[in-house]
Each structure stands twice: as C-alpha cells, then as structure tokens.
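Visitor: Sending over a structure as structure tokens; questions will come in a sec.
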Amino acid sequence: MEELDAIGDNHVGTSTDTPMRADAFDISDDQKIETIKADVRHIMETLGLDLTDDSLKGTPNRVAKMFVKEIFGGLNPNKKPTASTFDNKYKYGEMLVEKNITVYSTCEHHLLPIVGRAHVAYISKGNVVGLSKMNRIVDFYAKRPQVQERLTIQIVKELQAVLGTEDVACIIDAKHLCVNSRGIRDIESSTVTAEFGGKFKEKDTRREFIEYIKLETQF
C-alpha cells in the first residue's frame with residue numbers, strides 16, 4: 001500500500017493508455033448508474049451524513065449520473081467524436097494552431113478536478129480537420145480519470161491517426177486540485193506537459209508553435 005500511495009501522491013502515471021478492464025462495457029450506463037448510486041450512498045452514510053435531509057437525498061443519484069454521463073463519459077469508445085477530414089484544396093502548408101482549448105478533467109489518483117488549457121497544432125500532409133473537432137478530441141480524452149502526461153499523449157496520437165501525419169503537437173497547462181486543495185495546498189502552481197511529433201521535434205518548429213501560443217487574441 002505504501003508503494004501505491006507513493007504513486008498516487010506523486011501523480012505518477014503507469015501507462016499511455018487508460019487502464020480499462022475487458023468487461024468495462026458489459027453492463028449498460030443505466031446499470032452503472034444504479035450501482036454507483038448505491039456506492040455513493042454508502043460512502044455518505046459511512047461519513048455520518050443524514051441522507052433523509054432534502055439537500056442530500058438526491059446526491060447519490062446526481063453523482064452517479066455525473067460520473068457515467070459527464071465527467072467520465074470519455075471512457076466509452078462509442079462517444080468518441082467522429083473527426084472527418086477534408087482535402088487541403090487551398091494548399092495551406094503552414095502550421096495550424098488551436099489554442100486555449102478548455103480542459104476539464106479528473107485526477108485518477110484522488111478523483112479531484114484538473115482544470116486548464118490545451119494548445120494543439122498540426123501541419124497538414126494533405127488532409128485538414130474541422131476546428132471544432134480538435135476541441136472535441138481534447139474534451140473526449142479529458143472526460144476520464146487521467147494523468148496529464150497521458151492526456152497530452154492521447155490527444156496527439158488521436159490527431160496523428162485522424163490526419164495521417166506525425167506532425168502534431170499539444171501543450172497543456174493545468175491546475176490540479178489534488179495539489180491546490182489538499183496535500184501541499186499550493187494554490188498558485190500549475191502543471192505544463194507537452195508532446196511533440198514529427199516536425200515539431202525540430203527546435204525551430206517547436207519555437208514557432210510556442211510563439212503562436214503567446215499571441216494575445218484580439219477582438
């Protein structure tokens with residue numbers, strides 16, 4: 001247990017794929033909600049809370065639905081966004097950057113929120129993808145228990161597969177409430193992770209990407 005606690009307290013990930021059991025989808029979402037509802041009720045009762053109170057009696061059901069339908073919805077492969085690609089007919093050959101994508105995720109070690117921004121870029125090798133699909137891919141992989149390093153890698157790997165190019169990059173800057181609100185309780189710190197593929201491993205291309213991120217958006 002000490003070793004497991006050390007992994008969790010130090011926020012160490014163990015794989016680039018989200019650890020899933022083979023029977024993860026043998027039961028329906030409704031069945032999962034009923035099971036989780038009972039578990040949440042048990043936790044609350046163990047803590048000594050009075051679930052007959054009007055403010056608390058609906059909490060187990062709300063939490064169960066939130067887990068299955070919302071914050072962990074990205075575990076279900078059926079919810080993966082379809083990312084249709086299009087021919088790059090206008091021959092745009094420079095870097096495309098989608099920055100300041102909102103990230104809402106959950107730390108898999110303490111089940112507390114991770115909140116931040118993702119910046120994603122690619123260089124087309126003949127295909128382009130709709131801008132909103134980049135946001136949806138980030139959101140899909142964020143909606144599961146995560147470590148930030150894995151999330152960053154998963155976003156890049158998915159876009160590489162969709163676009164048929166290694167030239168994809170992602171940087172995430174996020175606050176972890178398991179650091180900000182418990183443990184060390186450092187409310188100012190944030191975590192930055194990056195994954196660079198293909199041309200983004202080259203110093204000049206990487207620097208160009210970072211310079212785009214620094215630009216202030218003018219309205």
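As shown in the structure tokens, the chain order sets the letters A, B, ...; within each chain, residues go from 1, and ligands are also counted from 1 in the order they appear.
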Can you build me a table of segment 17-116 of chain A residues sitting at most 8 Å from segment 150-168 of chain A, with the closest atom pair per residue and its distance in Å to one decimal, using only C-alpha atoms, sorted by chain and residue number, as a Markdown table?

Guide:
```
| residue | atom | partner | partner_atom | distance |
| --- | --- | --- | --- | --- |
| A:Asp17 | CA | A:Arg150 | CA | 7.2 |
| A:Thr18 | CA | A:Arg150 | CA | 7.9 |
| A:Ala83 | CA | A:Val162 | CA | 6.8 |
| A:Ser84 | CA | A:Val162 | CA | 7.9 |
| A:Thr85 | CA | A:Leu163 | CA | 6.9 |
```

Visitor: Write the residues of the preceding selection, restricted to N, CA and C atoms, as an mmCIF file, in the first residue's frame.

Guide:
```cif
data_model
loop_
_atom_site.group_PDB
_atom_site.id
_atom_site.type_symbol
_atom_site.label_atom_id
_atom_site.label_comp_id
_atom_site.auth_asym_id
_atom_site.auth_seq_id
_atom_site.Cartn_x
_atom_site.Cartn_y
_atom_site.Cartn_z
ATOM 1 N N ASP A 17 -2.041 4.318 -22.242
ATOM 2 C CA ASP A 17 -3.456 4.005 -22.481
ATOM 3 C C ASP A 17 -4.194 4.015 -21.152
ATOM 4 N N THR A 18 -5.427 4.476 -21.176
ATOM 5 C CA THR A 18 -6.230 4.471 -19.957
ATOM 6 C C THR A 18 -6.456 3.026 -19.521
ATOM 7 N N ALA A 83 -14.263 12.458 -36.505
ATOM 8 C CA ALA A 83 -13.420 13.563 -36.972
ATOM 9 C C ALA A 83 -13.173 13.410 -38.464
ATOM 10 N N SER A 84 -14.132 13.855 -39.251
ATOM 11 C CA SER A 84 -13.990 13.776 -40.702
ATOM 12 C C SER A 84 -12.878 14.710 -41.176
ATOM 13 N N THR A 85 -12.111 14.229 -42.118
ATOM 14 C CA THR A 85 -11.052 15.066 -42.693
ATOM 15 C C THR A 85 -11.454 15.484 -44.101
#
```

Visitor: Show which residues sit within 12 Å of Lys79 of chain A, as JSON, numbers by chain. Count only C-alpha atoms, and ignore same-chain residues fewer than 2 positions away.

Guide: {"A": [68, 69, 70, 72, 73, 74, 75, 76, 77, 81, 82, 83, 136, 137, 139, 140, 141, 143, 144]}

Visitor: Please compute the atom CA of Lys203 of chain A-atom CA of Ser190 of chain A distance, one decimal, in Å.

Guide: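 Computing it gives 24.3 Å between the two atoms.
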
Visitor: So, counting only C-alpha atoms, which residue among A:Glu108, A:Asn127, A:Ala64, A:Asp53 is closest to Lys89 of chain A?

Guide: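 So, comparing all the options, the nearest one is A:Asn127.
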
Visitor: Any chance you could list, as a ChimeraX atom specification, the residues in segment 19-91 of chain A that come up helix (DSSP H, G or I) when DSSP is run on the backbone?

Guide: /A:29-46,59-71,73-75,77-79

Visitor: Find the residue from A:Ile114, A:Ala194, A:Ala22, A:Leu56 that sits nearest to Ser181 of chain A; use only C-alpha atoms when measuring.

Guide: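 Looking only at the distances to Ser181 of chain A, the closest residue turns out to be A:Ile114.
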